[in-house]
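File shown: upload-v5.pdb. Contents: PDB, C-alpha atoms and all ligand atoms.
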```pdb
ATOM      1  CA  MET A   1      51.830 -40.439  50.883
ATOM      2  CA  GLY A   2      53.829 -42.160  53.601
ATOM      3  CA  ASP A   3      56.822 -44.447  53.066
ATOM      4  CA  ALA A   4      56.438 -47.728  51.206
ATOM      5  CA  GLN A   5      57.583 -49.958  54.059
ATOM      6  CA  HIS A   6      55.448 -53.102  54.186
ATOM      7  CA  GLN A   7      53.505 -53.381  57.428
ATOM      8  CA  GLY A   8      51.709 -56.412  58.840
ATOM      9  CA  SER A   9      48.505 -56.461  60.895
ATOM     10  CA  ALA A  10      46.427 -59.582  61.467
ATOM     11  CA  GLU A  11      43.178 -57.622  61.182
ATOM     12  CA  GLY A  12      44.480 -55.802  58.116
ATOM     13  CA  ALA A  13      44.276 -52.175  57.138
ATOM     14  CA  ALA A  14      41.094 -50.149  56.744
ATOM     15  CA  VAL A  15      40.850 -48.308  53.415
ATOM     16  CA  ILE A  16      38.301 -45.490  53.495
ATOM     17  CA  THR A  17      37.255 -43.294  50.584
ATOM     18  CA  GLY A  18      35.880 -39.842  51.309
ATOM     19  CA  ALA A  19      38.035 -39.978  54.450
ATOM     20  CA  GLY A  20      38.740 -36.253  54.479
ATOM     21  CA  SER A  21      35.459 -35.229  56.036
ATOM     22  CA  GLY A  22      32.272 -36.215  57.821
ATOM     23  CA  ILE A  23      31.428 -39.901  58.069
ATOM     24  CA  GLY A  24      34.609 -41.126  56.320
ATOM     25  CA  ALA A  25      36.878 -39.127  58.623
ATOM     26  CA  ALA A  26      34.990 -40.333  61.722
ATOM     27  CA  VAL A  27      35.142 -43.974  60.562
ATOM     28  CA  ALA A  28      38.879 -43.547  59.931
ATOM     29  CA  ARG A  29      39.484 -42.079  63.400
ATOM     30  CA  ARG A  30      37.504 -44.886  65.037
ATOM     31  CA  ALA A  31      39.233 -47.616  62.993
ATOM     32  CA  ALA A  32      42.615 -46.178  64.036
ATOM     33  CA  ALA A  33      41.524 -45.968  67.689
ATOM     34  CA  ARG A  34      40.634 -49.681  67.457
ATOM     35  CA  GLY A  35      44.217 -50.362  66.371
ATOM     36  CA  MET A  36      43.727 -50.726  62.622
ATOM     37  CA  PRO A  37      46.195 -49.017  60.310
ATOM     38  CA  VAL A  38      44.169 -46.757  58.016
ATOM     39  CA  VAL A  39      44.524 -45.709  54.389
ATOM     40  CA  LEU A  40      42.778 -42.404  53.792
ATOM     41  CA  ALA A  41      41.543 -41.616  50.273
ATOM     42  CA  ASP A  42      39.857 -38.389  49.200
ATOM     43  CA  LEU A  43      39.758 -35.886  46.377
ATOM     44  CA  SER A  44      41.024 -33.315  48.895
ATOM     45  CA  ALA A  45      44.670 -34.024  49.791
ATOM     46  CA  GLU A  46      44.546 -31.219  52.341
ATOM     47  CA  ARG A  47      41.628 -32.739  54.235
ATOM     48  CA  ILE A  48      43.110 -36.247  54.454
ATOM     49  CA  GLU A  49      46.442 -34.834  55.600
ATOM     50  CA  ALA A  50      44.633 -33.122  58.496
ATOM     51  CA  VAL A  51      42.784 -36.332  59.430
ATOM     52  CA  ALA A  52      46.046 -38.335  59.184
ATOM     53  CA  THR A  53      47.882 -35.863  61.419
ATOM     54  CA  ALA A  54      45.200 -36.191  64.117
ATOM     55  CA  ILE A  55      45.396 -40.001  63.874
ATOM     56  CA  THR A  56      49.189 -40.193  64.021
ATOM     57  CA  ASP A  57      49.293 -37.637  66.854
ATOM     58  CA  ALA A  58      47.021 -40.014  68.784
ATOM     59  CA  GLY A  59      49.451 -42.903  68.132
ATOM     60  CA  GLY A  60      47.726 -44.414  65.081
ATOM     61  CA  ASP A  61      49.051 -45.408  61.663
ATOM     62  CA  ALA A  62      47.685 -43.474  58.680
ATOM     63  CA  LEU A  63      48.639 -43.407  55.004
ATOM     64  CA  THR A  64      47.124 -40.725  52.777
ATOM     65  CA  VAL A  65      46.446 -41.382  49.092
ATOM     66  CA  PRO A  66      44.780 -38.497  47.215
ATOM     67  CA  THR A  67      42.210 -40.273  45.055
ATOM     68  CA  ASP A  68      39.405 -39.470  42.639
ATOM     69  CA  VAL A  69      36.992 -42.395  43.001
ATOM     70  CA  ALA A  70      35.348 -41.431  39.696
ATOM     71  CA  ASP A  71      38.592 -42.403  37.928
ATOM     72  CA  PRO A  72      39.282 -46.169  37.734
ATOM     73  CA  ASP A  73      43.052 -45.622  37.377
ATOM     74  CA  SER A  74      43.104 -43.468  40.493
ATOM     75  CA  VAL A  75      41.292 -46.161  42.516
ATOM     76  CA  GLU A  76      43.628 -48.840  41.138
ATOM     77  CA  ALA A  77      46.569 -46.672  42.265
ATOM     78  CA  LEU A  78      44.920 -46.489  45.701
ATOM     79  CA  ALA A  79      44.780 -50.299  45.871
ATOM     80  CA  GLU A  80      48.428 -50.556  44.783
ATOM     81  CA  ALA A  81      49.467 -48.051  47.455
ATOM     82  CA  ALA A  82      47.427 -49.819  50.148
ATOM     83  CA  TYR A  83      48.893 -53.255  49.344
ATOM     84  CA  ALA A  84      52.424 -51.843  48.943
ATOM     85  CA  ARG A  85      52.180 -50.660  52.535
ATOM     86  CA  HIS A  86      50.034 -53.382  54.134
ATOM     87  CA  GLU A  87      49.962 -57.162  53.809
ATOM     88  CA  ARG A  88      46.202 -57.229  53.867
ATOM     89  CA  VAL A  89      43.146 -55.012  53.710
ATOM     90  CA  GLY A  90      40.603 -56.108  56.296
ATOM     91  CA  LEU A  91      38.067 -53.360  55.718
ATOM     92  CA  LEU A  92      37.213 -51.425  52.557
ATOM     93  CA  VAL A  93      34.779 -48.551  53.023
ATOM     94  CA  ASN A  94      33.423 -47.230  49.712
ATOM     95  CA  ASN A  95      32.114 -44.041  51.263
ATOM     96  CA  ALA A  96      32.957 -41.029  49.058
ATOM     97  CA  GLY A  97      29.794 -39.371  47.822
ATOM     98  CA  VAL A  98      28.356 -36.065  46.675
ATOM     99  CA  GLU A  99      24.895 -34.513  47.024
ATOM    100  CA  SER A 100      22.835 -32.762  44.377
ATOM    101  CA  LEU A 101      19.545 -30.880  44.421
ATOM    102  CA  GLY A 102      17.092 -29.887  41.714
ATOM    103  CA  SER A 103      14.251 -31.318  39.644
ATOM    104  CA  LEU A 104      15.341 -33.892  37.074
ATOM    105  CA  TRP A 105      14.521 -31.696  34.068
ATOM    106  CA  GLU A 106      16.501 -28.771  35.529
ATOM    107  CA  LEU A 107      19.757 -30.604  36.234
ATOM    108  CA  PRO A 108      22.678 -29.698  33.971
ATOM    109  CA  VAL A 109      24.016 -32.796  32.202
ATOM    110  CA  ASP A 110      27.450 -32.272  33.800
ATOM    111  CA  GLU A 111      25.876 -32.270  37.254
ATOM    112  CA  TRP A 112      24.006 -35.533  36.526
ATOM    113  CA  ARG A 113      27.243 -37.137  35.301
ATOM    114  CA  ARG A 114      29.233 -35.845  38.305
ATOM    115  CA  VAL A 115      26.816 -37.470  40.768
ATOM    116  CA  MET A 116      26.676 -40.788  38.896
ATOM    117  CA  SER A 117      30.441 -40.926  38.393
ATOM    118  CA  VAL A 118      31.262 -40.354  42.072
ATOM    119  CA  ASN A 119      28.384 -42.142  43.810
ATOM    120  CA  ILE A 120      27.888 -45.126  41.480
ATOM    121  CA  ASP A 121      31.111 -45.499  39.489
ATOM    122  CA  GLY A 122      33.188 -44.703  42.581
ATOM    123  CA  ALA A 123      31.822 -47.688  44.503
ATOM    124  CA  PHE A 124      32.138 -49.889  41.400
ATOM    125  CA  HIS A 125      35.802 -48.913  40.955
ATOM    126  CA  GLY A 126      36.459 -49.713  44.620
ATOM    127  CA  ILE A 127      34.911 -53.161  44.191
ATOM    128  CA  ARG A 128      36.865 -53.847  40.961
ATOM    129  CA  SER A 129      40.238 -52.861  42.408
ATOM    130  CA  PHE A 130      39.923 -54.340  45.895
ATOM    131  CA  VAL A 131      37.593 -57.369  45.909
ATOM    132  CA  PRO A 132      39.835 -59.636  43.765
ATOM    133  CA  ARG A 133      42.783 -58.776  46.045
ATOM    134  CA  MET A 134      40.730 -59.305  49.213
ATOM    135  CA  GLY A 135      39.347 -62.512  47.705
ATOM    136  CA  ALA A 136      42.871 -63.853  47.099
ATOM    137  CA  ASP A 137      43.450 -63.535  50.854
ATOM    138  CA  PRO A 138      41.926 -66.415  52.873
ATOM    139  CA  GLY A 139      41.575 -64.225  55.987
ATOM    140  CA  PRO A 140      38.250 -62.591  56.842
ATOM    141  CA  SER A 141      37.555 -59.110  55.536
ATOM    142  CA  ARG A 142      34.606 -56.808  54.905
ATOM    143  CA  VAL A 143      33.467 -54.343  52.255
ATOM    144  CA  VAL A 144      31.126 -51.629  53.485
ATOM    145  CA  VAL A 145      29.389 -49.349  50.993
ATOM    146  CA  THR A 146      27.883 -46.118  52.284
ATOM    147  CA  THR A 147      24.462 -45.931  50.686
ATOM    148  CA  SER A 148      21.675 -43.724  52.129
ATOM    149  CA  VAL A 149      18.036 -43.724  53.170
ATOM    150  CA  GLY A 150      17.822 -41.892  49.810
ATOM    151  CA  GLY A 151      18.441 -45.346  48.303
ATOM    152  CA  ILE A 152      15.354 -46.732  50.057
ATOM    153  CA  GLY A 153      12.772 -43.940  49.648
ATOM    154  CA  THR A 154      12.100 -41.383  46.917
ATOM    155  CA  LEU A 155      12.308 -37.620  47.346
ATOM    156  CA  ALA A 156      11.245 -34.925  44.853
ATOM    157  CA  GLY A 157      14.059 -32.444  44.194
ATOM    158  CA  MET A 158      16.866 -34.914  44.945
ATOM    159  CA  GLY A 159      16.555 -37.100  41.838
ATOM    160  CA  ALA A 160      20.182 -37.480  40.778
ATOM    161  CA  TYR A 161      21.300 -38.338  44.304
ATOM    162  CA  GLY A 162      18.340 -40.706  44.805
ATOM    163  CA  VAL A 163      19.001 -42.525  41.525
ATOM    164  CA  SER A 164      22.676 -42.898  42.435
ATOM    165  CA  LYS A 165      21.911 -44.197  45.929
ATOM    166  CA  HIS A 166      19.259 -46.681  44.722
ATOM    167  CA  ALA A 167      21.890 -47.924  42.242
ATOM    168  CA  VAL A 168      24.643 -48.246  44.801
ATOM    169  CA  GLN A 169      22.282 -49.977  47.243
ATOM    170  CA  GLN A 170      21.472 -52.519  44.516
ATOM    171  CA  MET A 171      25.209 -52.852  43.769
ATOM    172  CA  THR A 172      25.868 -53.643  47.443
ATOM    173  CA  GLU A 173      23.121 -56.281  47.561
ATOM    174  CA  THR A 174      24.531 -57.879  44.395
ATOM    175  CA  LEU A 175      28.036 -57.803  45.878
ATOM    176  CA  HIS A 176      26.723 -59.569  48.983
ATOM    177  CA  LEU A 177      25.306 -62.409  46.864
ATOM    178  CA  GLU A 178      28.379 -62.632  44.630
ATOM    179  CA  CYS A 179      30.883 -62.652  47.519
ATOM    180  CA  ALA A 180      28.832 -65.328  49.312
ATOM    181  CA  GLN A 181      29.370 -67.534  46.238
ATOM    182  CA  ALA A 182      32.917 -66.617  45.217
ATOM    183  CA  PHE A 183      34.629 -65.249  48.366
ATOM    184  CA  PRO A 184      32.738 -66.327  51.486
ATOM    185  CA  GLN A 185      35.509 -64.851  53.661
ATOM    186  CA  ILE A 186      34.447 -61.343  52.519
ATOM    187  CA  GLY A 187      31.462 -59.945  54.406
ATOM    188  CA  VAL A 188      29.470 -57.148  52.821
ATOM    189  CA  SER A 189      27.494 -54.378  54.516
ATOM    190  CA  ALA A 190      25.338 -51.470  53.390
ATOM    191  CA  PHE A 191      25.891 -48.530  55.734
ATOM    192  CA  VAL A 192      22.674 -46.526  55.486
ATOM    193  CA  PRO A 193      22.890 -43.055  57.042
ATOM    194  CA  ALA A 194      19.946 -40.708  57.429
ATOM    195  CA  HIS A 195      20.752 -37.243  58.863
ATOM    196  CA  VAL A 196      24.397 -36.915  59.899
ATOM    197  CA  THR A 197      25.949 -33.480  60.432
ATOM    198  CA  THR A 198      28.696 -33.182  57.802
ATOM    199  CA  ARG A 199      29.769 -30.775  55.084
ATOM    200  CA  ILE A 200      27.988 -32.727  52.303
ATOM    201  CA  PHE A 201      25.640 -29.888  51.323
ATOM    202  CA  GLU A 202      28.504 -27.357  51.350
ATOM    203  CA  ASP A 203      29.603 -28.566  47.893
ATOM    204  CA  VAL A 204      26.097 -28.179  46.431
ATOM    205  CA  ALA A 205      26.102 -24.857  44.615
ATOM    206  CA  PRO A 206      23.099 -22.681  45.577
ATOM    207  CA  SER A 207      22.437 -22.170  41.853
ATOM    208  CA  ALA A 208      19.141 -21.707  40.064
ATOM    209  CA  HIS A 209      18.467 -25.425  39.732
ATOM    210  CA  ALA A 210      18.881 -26.021  43.473
ATOM    211  CA  GLY A 211      17.109 -22.880  44.656
ATOM    212  CA  ALA A 212      16.315 -22.488  48.359
ATOM    213  CA  ALA A 213      16.646 -26.235  48.956
ATOM    214  CA  VAL A 214      20.373 -25.910  49.654
ATOM    215  CA  ASP A 215      19.782 -23.697  52.698
ATOM    216  CA  HIS A 216      16.946 -25.973  53.831
ATOM    217  CA  TRP A 217      19.134 -29.101  53.746
ATOM    218  CA  ARG A 218      22.165 -27.411  55.301
ATOM    219  CA  THR A 219      19.939 -26.336  58.203
ATOM    220  CA  GLN A 220      18.334 -29.800  58.469
ATOM    221  CA  LEU A 221      21.719 -31.502  58.822
ATOM    222  CA  ARG A 222      22.992 -28.894  61.283
ATOM    223  CA  GLN A 223      19.894 -28.999  63.481
ATOM    224  CA  LYS A 224      18.690 -32.605  63.158
ATOM    225  CA  GLY A 225      21.876 -34.462  62.325
ATOM    226  CA  MET A 226      23.590 -37.030  64.474
ATOM    227  CA  THR A 227      27.320 -36.409  64.886
ATOM    228  CA  ALA A 228      29.647 -38.205  62.492
ATOM    229  CA  ASP A 229      31.387 -39.768  65.520
ATOM    230  CA  GLU A 230      28.080 -41.303  66.664
ATOM    231  CA  ALA A 231      27.477 -42.575  63.124
ATOM    232  CA  ALA A 232      30.955 -44.178  63.187
ATOM    233  CA  ARG A 233      30.138 -45.886  66.501
ATOM    234  CA  ILE A 234      26.990 -47.373  64.936
ATOM    235  CA  PHE A 235      29.049 -48.321  61.872
ATOM    236  CA  PHE A 236      31.499 -50.438  63.912
ATOM    237  CA  ASP A 237      28.768 -51.958  66.095
ATOM    238  CA  GLY A 238      27.231 -53.265  62.858
ATOM    239  CA  VAL A 239      30.598 -54.379  61.463
ATOM    240  CA  ASP A 240      31.355 -56.253  64.698
ATOM    241  CA  ARG A 241      27.995 -58.058  64.472
ATOM    242  CA  GLY A 242      28.571 -58.817  60.775
ATOM    243  CA  ASP A 243      25.305 -57.100  59.818
ATOM    244  CA  PHE A 244      24.426 -56.505  56.180
ATOM    245  CA  TRP A 245      22.188 -53.501  56.985
ATOM    246  CA  ILE A 246      23.829 -50.920  59.260
ATOM    247  CA  CYS A 247      21.472 -47.962  59.777
ATOM    248  CA  THR A 248      22.152 -44.757  61.690
ATOM    249  CA  HIS A 249      18.397 -44.187  62.086
ATOM    250  CA  PRO A 250      16.653 -47.605  62.039
ATOM    251  CA  ASP A 251      13.252 -45.929  62.556
ATOM    252  CA  VAL A 252      13.624 -43.860  59.370
ATOM    253  CA  TYR A 253      14.887 -46.904  57.461
ATOM    254  CA  SER A 254      11.956 -49.054  58.647
ATOM    255  CA  ARG A 255       9.361 -46.424  57.777
ATOM    256  CA  LEU A 256      10.714 -45.894  54.261
ATOM    257  CA  ALA A 257      11.362 -49.583  53.571
ATOM    258  CA  GLY A 258       7.958 -50.581  54.949
ATOM    259  CA  ARG A 259       6.105 -48.013  52.848
ATOM    260  CA  ARG A 260       8.103 -48.919  49.742
ATOM    261  CA  ALA A 261       7.360 -52.627  50.221
ATOM    262  CA  GLN A 262       3.658 -51.844  50.624
ATOM    263  CA  LEU A 263       3.517 -49.607  47.535
ATOM    264  CA  LEU A 264       5.325 -52.218  45.434
ATOM    265  CA  ALA A 265       3.167 -55.062  46.727
ATOM    266  CA  GLU A 266      -0.036 -53.123  46.062
ATOM    267  CA  ALA A 267       1.239 -51.535  42.795
ATOM    268  CA  LEU A 268       0.626 -47.986  44.059
ATOM    269  CA  PRO A 269       2.481 -44.839  42.881
ATOM    270  CA  PRO A 270       5.193 -43.308  45.112
ATOM    271  CA  ASP A 271       3.935 -41.027  47.872
ATOM    272  CA  TYR A 272       6.701 -41.096  50.456
ATOM    273  CA  GLY A 273       9.857 -39.140  51.106
TER     274      GLY A 273
HETATM  275  N1  LIG B   1      25.550 -36.720  55.924
HETATM  276  C1  LIG B   1      24.405 -37.371  55.730
HETATM  277  O1  LIG B   1      23.361 -37.029  56.335
HETATM  278  C2  LIG B   1      24.350 -38.552  54.802
HETATM  279  C3  LIG B   1      23.128 -39.224  54.665
HETATM  280  C4  LIG B   1      23.056 -40.328  53.814
HETATM  281  C5  LIG B   1      24.191 -40.752  53.139
HETATM  282  N2  LIG B   1      25.370 -40.070  53.280
HETATM  283  C6  LIG B   1      26.529 -40.559  52.524
HETATM  284  O2  LIG B   1      27.660 -40.616  53.361
HETATM  285  C7  LIG B   1      28.843 -40.540  52.555
HETATM  286  C8  LIG B   1      29.808 -39.565  53.186
HETATM  287  O3  LIG B   1      29.206 -38.284  53.142
HETATM  288  P1  LIG B   1      29.395 -37.169  54.280
HETATM  289  O4  LIG B   1      28.047 -36.774  54.709
HETATM  290  O5  LIG B   1      30.414 -37.597  55.262
HETATM  291  O6  LIG B   1      29.918 -35.961  53.343
HETATM  292  P2  LIG B   1      31.223 -35.040  53.367
HETATM  293  O7  LIG B   1      31.017 -34.082  52.241
HETATM  294  O8  LIG B   1      31.444 -34.483  54.731
HETATM  295  O9  LIG B   1      32.409 -36.053  53.023
HETATM  296  C9  LIG B   1      32.520 -36.618  51.735
HETATM  297  C10 LIG B   1      33.982 -36.654  51.316
HETATM  298  O10 LIG B   1      34.036 -37.295  50.018
HETATM  299  C11 LIG B   1      35.019 -36.615  49.267
HETATM  300  N3  LIG B   1      34.811 -36.802  47.835
HETATM  301  C12 LIG B   1      33.890 -36.196  47.038
HETATM  302  N4  LIG B   1      34.071 -36.590  45.766
HETATM  303  C13 LIG B   1      35.122 -37.443  45.757
HETATM  304  C14 LIG B   1      35.794 -38.157  44.738
HETATM  305  N5  LIG B   1      35.432 -38.047  43.450
HETATM  306  N6  LIG B   1      36.830 -38.959  45.087
HETATM  307  C15 LIG B   1      37.212 -39.058  46.386
HETATM  308  N7  LIG B   1      36.635 -38.385  47.393
HETATM  309  C16 LIG B   1      35.597 -37.588  47.069
HETATM  310  C17 LIG B   1      34.876 -35.150  49.669
HETATM  311  O11 LIG B   1      36.062 -34.426  49.353
HETATM  312  C18 LIG B   1      34.604 -35.264  51.160
HETATM  313  O12 LIG B   1      35.800 -35.164  51.911
HETATM  314  C19 LIG B   1      28.368 -40.158  51.151
HETATM  315  O13 LIG B   1      28.341 -41.304  50.330
HETATM  316  C20 LIG B   1      26.954 -39.654  51.389
HETATM  317  O14 LIG B   1      26.125 -39.795  50.258
HETATM  318  C21 LIG B   1      25.465 -38.978  54.095
END
```
Any chance you could put this one into structure tokens?
Ligand SMILES: NC(=O)c1ccc[n+]([C@@H]2O[C@H](COP(=O)([O-])OP(=O)(O)OC[C@H]3O[C@@H](n4cnc5c(N)ncnc54)[C@H](O)[C@@H]3O)[C@@H](O)[C@H]2O)c1
Amino acid sequence: MGDAQHQGSAEGAAVITGAGSGIGAAVARRAAARGMPVVLADLSAERIEAVATAITDAGGDALTVPTDVADPDSVEALAEAAYARHERVGLLVNNAGVESLGSLWELPVDEWRRVMSVNIDGAFHGIRSFVPRMGADPGPSRVVVTTSVGGIGTLAGMGAYGVSKHAVQQMTETLHLECAQAFPQIGVSAFVPAHVTTRIFEDVAPSAHAGAAVDHWRTQLRQKGMTADEAARIFFDGVDRGDFWICTHPDVYSRLAGRRAQLLAEALPPDYG
């Protein structure tokens, strides 16, 4: 952690969870390049230190706060550290997430709970600790939640992740409605990535329940993925427009959302992925 000197910035600081890698790290670098002080939160202290060093070497302002988003006290400590250092938070990015592969009946209970506690509870803890503070500030701010096209469609073999991303997508839509009523100065966005080349499948153990799917998905992201820096560019284009939906691959989003709407409207069983 950096020093506790209070720092002012009209736009406010950007707080990013899962900032040690992939999309979170790229969003942090881009926020810093735009002149925002950044607060980097991640389970891996080592990874956020490396991202912070690159940002400060480039002339930016970065504070690292090792955080477990699954733990409400840890996220509350993150909010305390962010507001001890900065007058205001202008951008909260609830981004930390983990992947999981395997049929529903094969998933170990601990694996199910790990995915739900990071992907769903993590975003909830971020909202609980930051939104009241951001709402007490009359200046404009934004909460972005990283969801997924997995929260729009349905894929066999990725049930725990899909359930978590449908839940967090719903949470983000609810937050949008609730902020519009209670804190109209807080904008809300769902950042919906499809394939982005990151290390997300590296933490998925190639165990019996995941089988060959781990290699398949690692290869998919390596070969078909957009770079995290490109995803971060799209992220800030959407933030600048004040969009609710910010999609890295609008074609994939439209196909999945369109098919889902049709299946729901016609009461048909799922057949898309
Ligand atoms: N990469 C993709 O193609 C893709 C597609 C759709 C959605 N997403 C979503 O994007 C977000 C970022 O993923 P990424 O692809 O950059 O993955 P990544 O693995 O490169 O980065 C995720 C970071 O989150 C951190 N993290 C994991 N658990 C944590 C916890 N409990 N507390 C704090 N930090 C924790 C990890 O240490 C890691 O640094 C995730 O929510 C993911 O579901 C990614």
Of the listed residues A:Asp229, A:Asp42, A:Asp271, A:Glu106, that which approaches ligand LIG 1 (chain B) most closely, counting only C-alpha atoms and all ligand atoms: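 Ranking A:Asp229, A:Asp42, A:Asp271, A:Glu106 by distance to ligand LIG 1 (chain B), first place goes to A:Asp42.
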Distance query His166 in chain A at most 7 Å, all atoms listed in the file, self and fewer than 4 positions along chain excluded, as a list in words: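 Those residues are Gly151, Ile152, Gly162 and Gln170 of chain A.
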Picked residues, the PyMOL selection byres (((not hetatm)) within 7 of (chain B and resi 1)), expected as a ChimeraX atom specification: /A:17-24,41-44,47,67-70,95-99,118-119,146-150,192-201,221,225
Selection result of the PyMOL selection byres (((chain A and resi 78-84) around 7) and not hetatm) on this file, as an MDAnalysis selection string: chainID A and resid 4 6 39 65 67 74:77 85:88 129:130
Two-atom distance - CA of Val15 in chain A, CA of Val89 in chain A (Å): 7.1 Å
Taking 5 positions as the minimum chain separation for residues in the same chain, which residues sit within 10 Å of Pro132 in chain A when counting all atoms listed in the file? Answer as a compact mmCIF listing (two decimals) with C-alpha atoms, in the frame of the given file.
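Result saved to result-v8.txt:
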```
# COMPACT_ATOMS: atom_id res chain seq x y z
CA ILE A 127 34.91 -53.16 44.19
CA ASP A 137 43.45 -63.54 50.85
CA ALA A 182 32.92 -66.62 45.22
CA PHE A 183 34.63 -65.25 48.37
```
Nearest residue to Ala160 in chain A from the set A:Gln262, A:Thr219, A:Asn94, A:Ser117 (distances using only C-alpha atoms):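 Closest to Ala160 in chain A of all the choices is A:Ser117.
For the structure in this document, the set picked by the PyMOL selection byres (((chain A and resi 255-257) around 9) and not hetatm) is Val149, Ile152, Gly153, Thr154, Pro250, Asp251, Val252, Tyr253, Ser254, Gly258, Arg259, Arg260, Ala261, Gln262, Tyr272 and Gly273 of chain A.
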Rows by chain and residue number, range 128-172 of chain A within 12 Å of range 234-243 of chain A, shortest pair, all atoms listed in the file, as JSON lines:
```
{"residue": "A:Pro140", "atom": "CA", "partner": "A:Gly242", "partner_atom": "CA", "distance": 11.1}
{"residue": "A:Ser141", "atom": "CA", "partner": "A:Val239", "partner_atom": "CA", "distance": 10.3}
{"residue": "A:Arg142", "atom": "CA", "partner": "A:Val239", "partner_atom": "CA", "distance": 8.1}
{"residue": "A:Val143", "atom": "CA", "partner": "A:Val239", "partner_atom": "CA", "distance": 9.6}
{"residue": "A:Val144", "atom": "CA", "partner": "A:Val239", "partner_atom": "CA", "distance": 8.5}
{"residue": "A:Val145", "atom": "CA", "partner": "A:Phe235", "partner_atom": "CA", "distance": 10.9}
{"residue": "A:Thr146", "atom": "CA", "partner": "A:Phe235", "partner_atom": "CA", "distance": 9.9}
```
Which of A:Leu155, A:Met226, A:Ala231, A:Ala190 sits closest to Leu104 in chain A [using all atoms listed in the file]: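 Closest candidate: A:Leu155.
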Top pick for closest residue to Pro37 in chain A, considering A:Ala25, A:Gly12, A:Ala58, A:Pro270 and counting all atoms listed in the file: A:Gly12
Counting only C-alpha atoms, the residue of A:Thr64, A:Thr248, A:Thr53, A:Ser189 that sits nearest Arg233 in chain A: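 Comparing A:Thr64, A:Thr248, A:Thr53, A:Ser189 against Arg233 in chain A, the winner is A:Thr248.
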